[in-house]
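The structure appears right after this line, and notes come after that.
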Amino acid sequence: MNIAIAGTGAMAMFYAYSLKPLSPTLIGRRYRPFLVTESDKQTLLDPPFVSWNDAADTPWDVIILAVKWPAMPLVQQLLAHQPNECLIISLMNGMGQEAALIPPLSPQQLACGLTTNAVTLSWNKHHRLPEATVTARGETTIPLMPHPLIPFWKETLDHIGWSWRFLPLEAVLRARWVKLVQNSVINPLSVLANTPNGALPDLPLWHLMPDLIHEARMIAQTAGIVLPSNLGEKVTQLARATAPNISSMLQDVRRHRPTEINAINGYLVQQARAHGMHLPTHEAVIALVDRIASNPNV
Ligand SMILES: NC(=O)c1ccc[n+]([C@@H]2O[C@H](COP(=O)([O-])OP(=O)(O)OC[C@H]3O[C@@H](n4cnc5c(N)ncnc54)[C@H](OP(=O)(O)O)[C@@H]3O)[C@@H](O)[C@H]2O)c1
């Protein structure tokens, strides 16, 4: 099976490590060998690497998308050249992958899932290499798409001892919405407060949380998704359970990189506009995060 992982960041390194027996190829702009650290174990990896251009000329069986949203134009170019049999698995945060990638893909080629694995990228000064540290081993869930490779992919993962959850499309979509709403609260508020997740529930800023969830709930309903009634409590628990974590959005701001806010809060605002609605709290939060991202000294 010819497997590619689009991306060379934290999640791409984690998938390369977890799928090592299948010899996946990384696709990206730049590459160097890297370390993956899980518990006390450090592993050096040096998988095959191809540039985006070269990857577009290669027919792949499975491509796992592990990039941040600003890479989407390169993903679109890559997928425009892939055979109809190719299975694409997106484990990116945010929503809108279907609108961005179908076409060129057909709906059954694109399996949009989610992962609760948490991986942080850093620079290992001693080895002078990038290092992906697994801060939480979670689950990876994808929908049972009517694609011929899905049963084979499941069997292959079982064979290497890494079980994913394969659930009906509706169940995965609901789980993605729950994650979207969690991210739409914790990520931008952590940027505004410039704190790890655990500090958020004790800040006055957290008073925005109920409105952010209320607005997101209205938009989920327009998509036929009923979110759990206790989502506010769950988001608070999640912030406390991941207390030391620096959210990916805050990491991006600190590294002067574009954030994924347009695919998270921005997606909710776009959906609202399409239904003639406004989400004032999400709109305000996006404007503030964009302002901080464009000038971190604000
Ligand atoms: N890390 C986690 O714990 C975690 C957990 C769940 C979901 N996710 C999601 O997984 C996805 C990947 O996250 P990550 O943590 O791996 O991010 P990351 O470490 O920041 O890596 C991002 C990757 O995207 C590429 N990229 C970003 N902007 C690009 C652009 N404009 N053009 C080309 N390539 C670009 C980067 O390439 P360069 O290095 O060349 O810039 C890098 O390969 C995101 O959607 C994230 O929300 C992450």
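Letters for chains follow the order of the structure tokens (A, B, ...), residue numbers begin at 1 for each chain, and ligand numbers begin at 1 in the order shown.
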
Nearby residues (only C-alpha atoms) at most 7 Å from stretch 14-24 of chain A, same-chain spacing under 4 positions excluded, as number ranges by chain: A: 3-5, 10, 36, 47, 132, 160

Non-local contacts of A:Ile88 (7 Å; only C-alpha atoms; under 2 positions in same chain excluded) as a VMD selection string: chain A and resid 62 to 64 86 90 109 to 111

Go ahead and write the residues just picked, C-alpha atoms, as a PDB file, in the first residue's frame.
```pdb
ATOM      1  CA  VAL A  62      -4.051   6.504   0.976  1.00  0.00           C
ATOM      2  CA  ILE A  63      -3.186  10.117   1.834  1.00  0.00           C
ATOM      3  CA  ILE A  64      -3.531  11.348   5.424  1.00  0.00           C
ATOM      4  CA  CYS A  86      -7.209   7.058  -3.716  1.00  0.00           C
ATOM      5  CA  SER A  90      -8.429  14.264   6.896  1.00  0.00           C
ATOM      6  CA  GLN A 109     -13.051   9.354  -1.364  1.00  0.00           C
ATOM      7  CA  LEU A 110     -12.877  11.826   1.526  1.00  0.00           C
ATOM      8  CA  ALA A 111     -13.040  10.481   5.093  1.00  0.00           C
TER       9      ALA A 111
END
```

Residues of chain A that have any atom at most 6 Å from an atom of ligand 1: could you tabulate them with the shortest-distance atom pair and the distance in Å to one decimal, using only C-alpha atoms and all ligand atoms, ordered by chain and increasing number, as JSON lines?
```
{"residue": "A:Gly7", "atom": "CA", "partner": "ligand 1", "partner_atom_place_in_ligand_line": "43 (O)", "distance": 3.6}
{"residue": "A:Thr8", "atom": "CA", "partner": "ligand 1", "partner_atom_place_in_ligand_line": "43 (O)", "distance": 3.6}
{"residue": "A:Gly9", "atom": "CA", "partner": "ligand 1", "partner_atom_place_in_ligand_line": "21 (O)", "distance": 3.3}
{"residue": "A:Ala10", "atom": "CA", "partner": "ligand 1", "partner_atom_place_in_ligand_line": "16 (O)", "distance": 3.8}
{"residue": "A:Met11", "atom": "CA", "partner": "ligand 1", "partner_atom_place_in_ligand_line": "16 (O)", "distance": 3.6}
{"residue": "A:Ala12", "atom": "CA", "partner": "ligand 1", "partner_atom_place_in_ligand_line": "16 (O)", "distance": 5.6}
{"residue": "A:Gly28", "atom": "CA", "partner": "ligand 1", "partner_atom_place_in_ligand_line": "43 (O)", "distance": 5.8}
{"residue": "A:Arg29", "atom": "CA", "partner": "ligand 1", "partner_atom_place_in_ligand_line": "40 (O)", "distance": 4.6}
{"residue": "A:Arg30", "atom": "CA", "partner": "ligand 1", "partner_atom_place_in_ligand_line": "40 (O)", "distance": 5.5}
{"residue": "A:Ala66", "atom": "CA", "partner": "ligand 1", "partner_atom_place_in_ligand_line": "12 (C)", "distance": 4.4}
{"residue": "A:Val67", "atom": "CA", "partner": "ligand 1", "partner_atom_place_in_ligand_line": "24 (O)", "distance": 3.5}
{"residue": "A:Lys68", "atom": "CA", "partner": "ligand 1", "partner_atom_place_in_ligand_line": "24 (O)", "distance": 4.2}
{"residue": "A:Pro70", "atom": "CA", "partner": "ligand 1", "partner_atom_place_in_ligand_line": "31 (N)", "distance": 4.2}
{"residue": "A:Ala71", "atom": "CA", "partner": "ligand 1", "partner_atom_place_in_ligand_line": "30 (C)", "distance": 3.7}
{"residue": "A:Leu91", "atom": "CA", "partner": "ligand 1", "partner_atom_place_in_ligand_line": "10 (O)", "distance": 6.0}
{"residue": "A:Met92", "atom": "CA", "partner": "ligand 1", "partner_atom_place_in_ligand_line": "45 (O)", "distance": 3.4}
{"residue": "A:Asn93", "atom": "CA", "partner": "ligand 1", "partner_atom_place_in_ligand_line": "47 (O)", "distance": 4.1}
{"residue": "A:Thr115", "atom": "CA", "partner": "ligand 1", "partner_atom_place_in_ligand_line": "6 (C)", "distance": 5.4}
{"residue": "A:Thr116", "atom": "CA", "partner": "ligand 1", "partner_atom_place_in_ligand_line": "6 (C)", "distance": 5.9}
{"residue": "A:Asn117", "atom": "CA", "partner": "ligand 1", "partner_atom_place_in_ligand_line": "5 (C)", "distance": 5.6}
{"residue": "A:Ala118", "atom": "CA", "partner": "ligand 1", "partner_atom_place_in_ligand_line": "3 (O)", "distance": 3.3}
{"residue": "A:Val119", "atom": "CA", "partner": "ligand 1", "partner_atom_place_in_ligand_line": "3 (O)", "distance": 3.8}
{"residue": "A:Thr120", "atom": "CA", "partner": "ligand 1", "partner_atom_place_in_ligand_line": "1 (N)", "distance": 5.6}
{"residue": "A:Leu121", "atom": "CA", "partner": "ligand 1", "partner_atom_place_in_ligand_line": "19 (O)", "distance": 5.9}
```

Distance table requested - stretch 53-124 of chain A against stretch 164-179 of chain A, cut-off 9 Å, only C-alpha atoms: one row per qualifying residue with the closest atom pair and its distance in Å to one decimal, ordered by chain and rising residue number, as a tab-separated table.
```
residue	atom	partner	partner_atom	distance
A:Asn93	CA	A:Lys179	CA	8.0
A:Gly94	CA	A:Arg176	CA	8.1
A:Met95	CA	A:Arg176	CA	8.0
A:Ala111	CA	A:Leu169	CA	8.8
A:Cys112	CA	A:Val172	CA	8.2
A:Gly113	CA	A:Val172	CA	6.5
A:Leu114	CA	A:Arg176	CA	6.4
```

DSSP strand (DSSP E) residues within stretch 109-238 of chain A, listed as number ranges by chain: A: 110-112, 114-115, 118-124, 129-136, 140-143, 165-167

All residues 10 Å or closer to stretch 186-195 of chain A, only C-alpha atoms, same chain fewer than 5 positions away omitted, as a PyMOL selection string: chain A and resi 181+200-201+203-206+208-209+235-236+238-239+243-254+259-261+264-265+282+285-286+288-290+292-293+296

Keeping only C-alpha atoms, write the selected residues as a PDB file, in the first residue's frame.
```
ATOM      1  CA  VAL A 181     -17.201  24.072  19.317  1.00  0.00           C
ATOM      2  CA  LEU A 200      -9.074  29.943  31.340  1.00  0.00           C
ATOM      3  CA  PRO A 201     -12.128  28.901  33.441  1.00  0.00           C
ATOM      4  CA  LEU A 203     -10.681  34.294  34.137  1.00  0.00           C
ATOM      5  CA  PRO A 204     -13.418  36.926  33.557  1.00  0.00           C
ATOM      6  CA  LEU A 205     -12.888  36.218  29.829  1.00  0.00           C
ATOM      7  CA  TRP A 206     -14.526  32.794  30.378  1.00  0.00           C
ATOM      8  CA  LEU A 208     -17.790  34.680  26.875  1.00  0.00           C
ATOM      9  CA  MET A 209     -17.935  30.862  26.842  1.00  0.00           C
ATOM     10  CA  VAL A 235     -15.643  22.521  27.623  1.00  0.00           C
ATOM     11  CA  THR A 236     -14.809  23.749  31.140  1.00  0.00           C
ATOM     12  CA  LEU A 238     -11.676  19.907  28.981  1.00  0.00           C
ATOM     13  CA  ALA A 239      -9.857  23.180  29.717  1.00  0.00           C
ATOM     14  CA  ALA A 243      -4.448  22.493  32.074  1.00  0.00           C
ATOM     15  CA  PRO A 244      -0.749  22.729  31.083  1.00  0.00           C
ATOM     16  CA  ASN A 245      -1.448  22.650  27.304  1.00  0.00           C
ATOM     17  CA  ILE A 246      -0.722  25.680  25.156  1.00  0.00           C
ATOM     18  CA  SER A 247      -3.507  25.555  22.537  1.00  0.00           C
ATOM     19  CA  SER A 248      -2.420  25.147  18.907  1.00  0.00           C
ATOM     20  CA  MET A 249      -3.782  28.638  18.133  1.00  0.00           C
ATOM     21  CA  LEU A 250      -1.709  30.227  20.878  1.00  0.00           C
ATOM     22  CA  GLN A 251       1.337  28.231  19.694  1.00  0.00           C
ATOM     23  CA  ASP A 252       0.768  29.564  16.154  1.00  0.00           C
ATOM     24  CA  VAL A 253       0.514  33.160  17.409  1.00  0.00           C
ATOM     25  CA  ARG A 254       3.666  32.773  19.504  1.00  0.00           C
ATOM     26  CA  THR A 259      -3.792  30.524  12.854  1.00  0.00           C
ATOM     27  CA  GLU A 260      -6.637  28.150  11.943  1.00  0.00           C
ATOM     28  CA  ILE A 261      -9.296  30.573  13.255  1.00  0.00           C
ATOM     29  CA  ILE A 264     -12.904  27.147  13.357  1.00  0.00           C
ATOM     30  CA  ASN A 265     -14.776  30.314  14.482  1.00  0.00           C
ATOM     31  CA  HIS A 282     -17.511  34.750  17.430  1.00  0.00           C
ATOM     32  CA  VAL A 285     -13.286  37.036  19.039  1.00  0.00           C
ATOM     33  CA  ILE A 286     -12.028  36.541  15.449  1.00  0.00           C
ATOM     34  CA  LEU A 288      -9.372  40.314  18.384  1.00  0.00           C
ATOM     35  CA  VAL A 289      -7.353  37.180  17.582  1.00  0.00           C
ATOM     36  CA  ASP A 290      -6.508  38.516  14.101  1.00  0.00           C
ATOM     37  CA  ILE A 292      -3.129  39.995  18.179  1.00  0.00           C
ATOM     38  CA  ALA A 293      -1.813  37.609  15.489  1.00  0.00           C
ATOM     39  CA  PRO A 296       1.669  40.016  19.057  1.00  0.00           C
TER      40      PRO A 296
END
```

Which of A:Asn124, A:Pro104, A:Leu87, A:Ala199 sits closest to A:His147 [using only C-alpha atoms]: A:Leu87

Given only C-alpha atoms as the counted atoms, nearest of A:Asp211, A:Asp57, A:Asp40, A:Asp202 to A:Arg240: A:Asp202
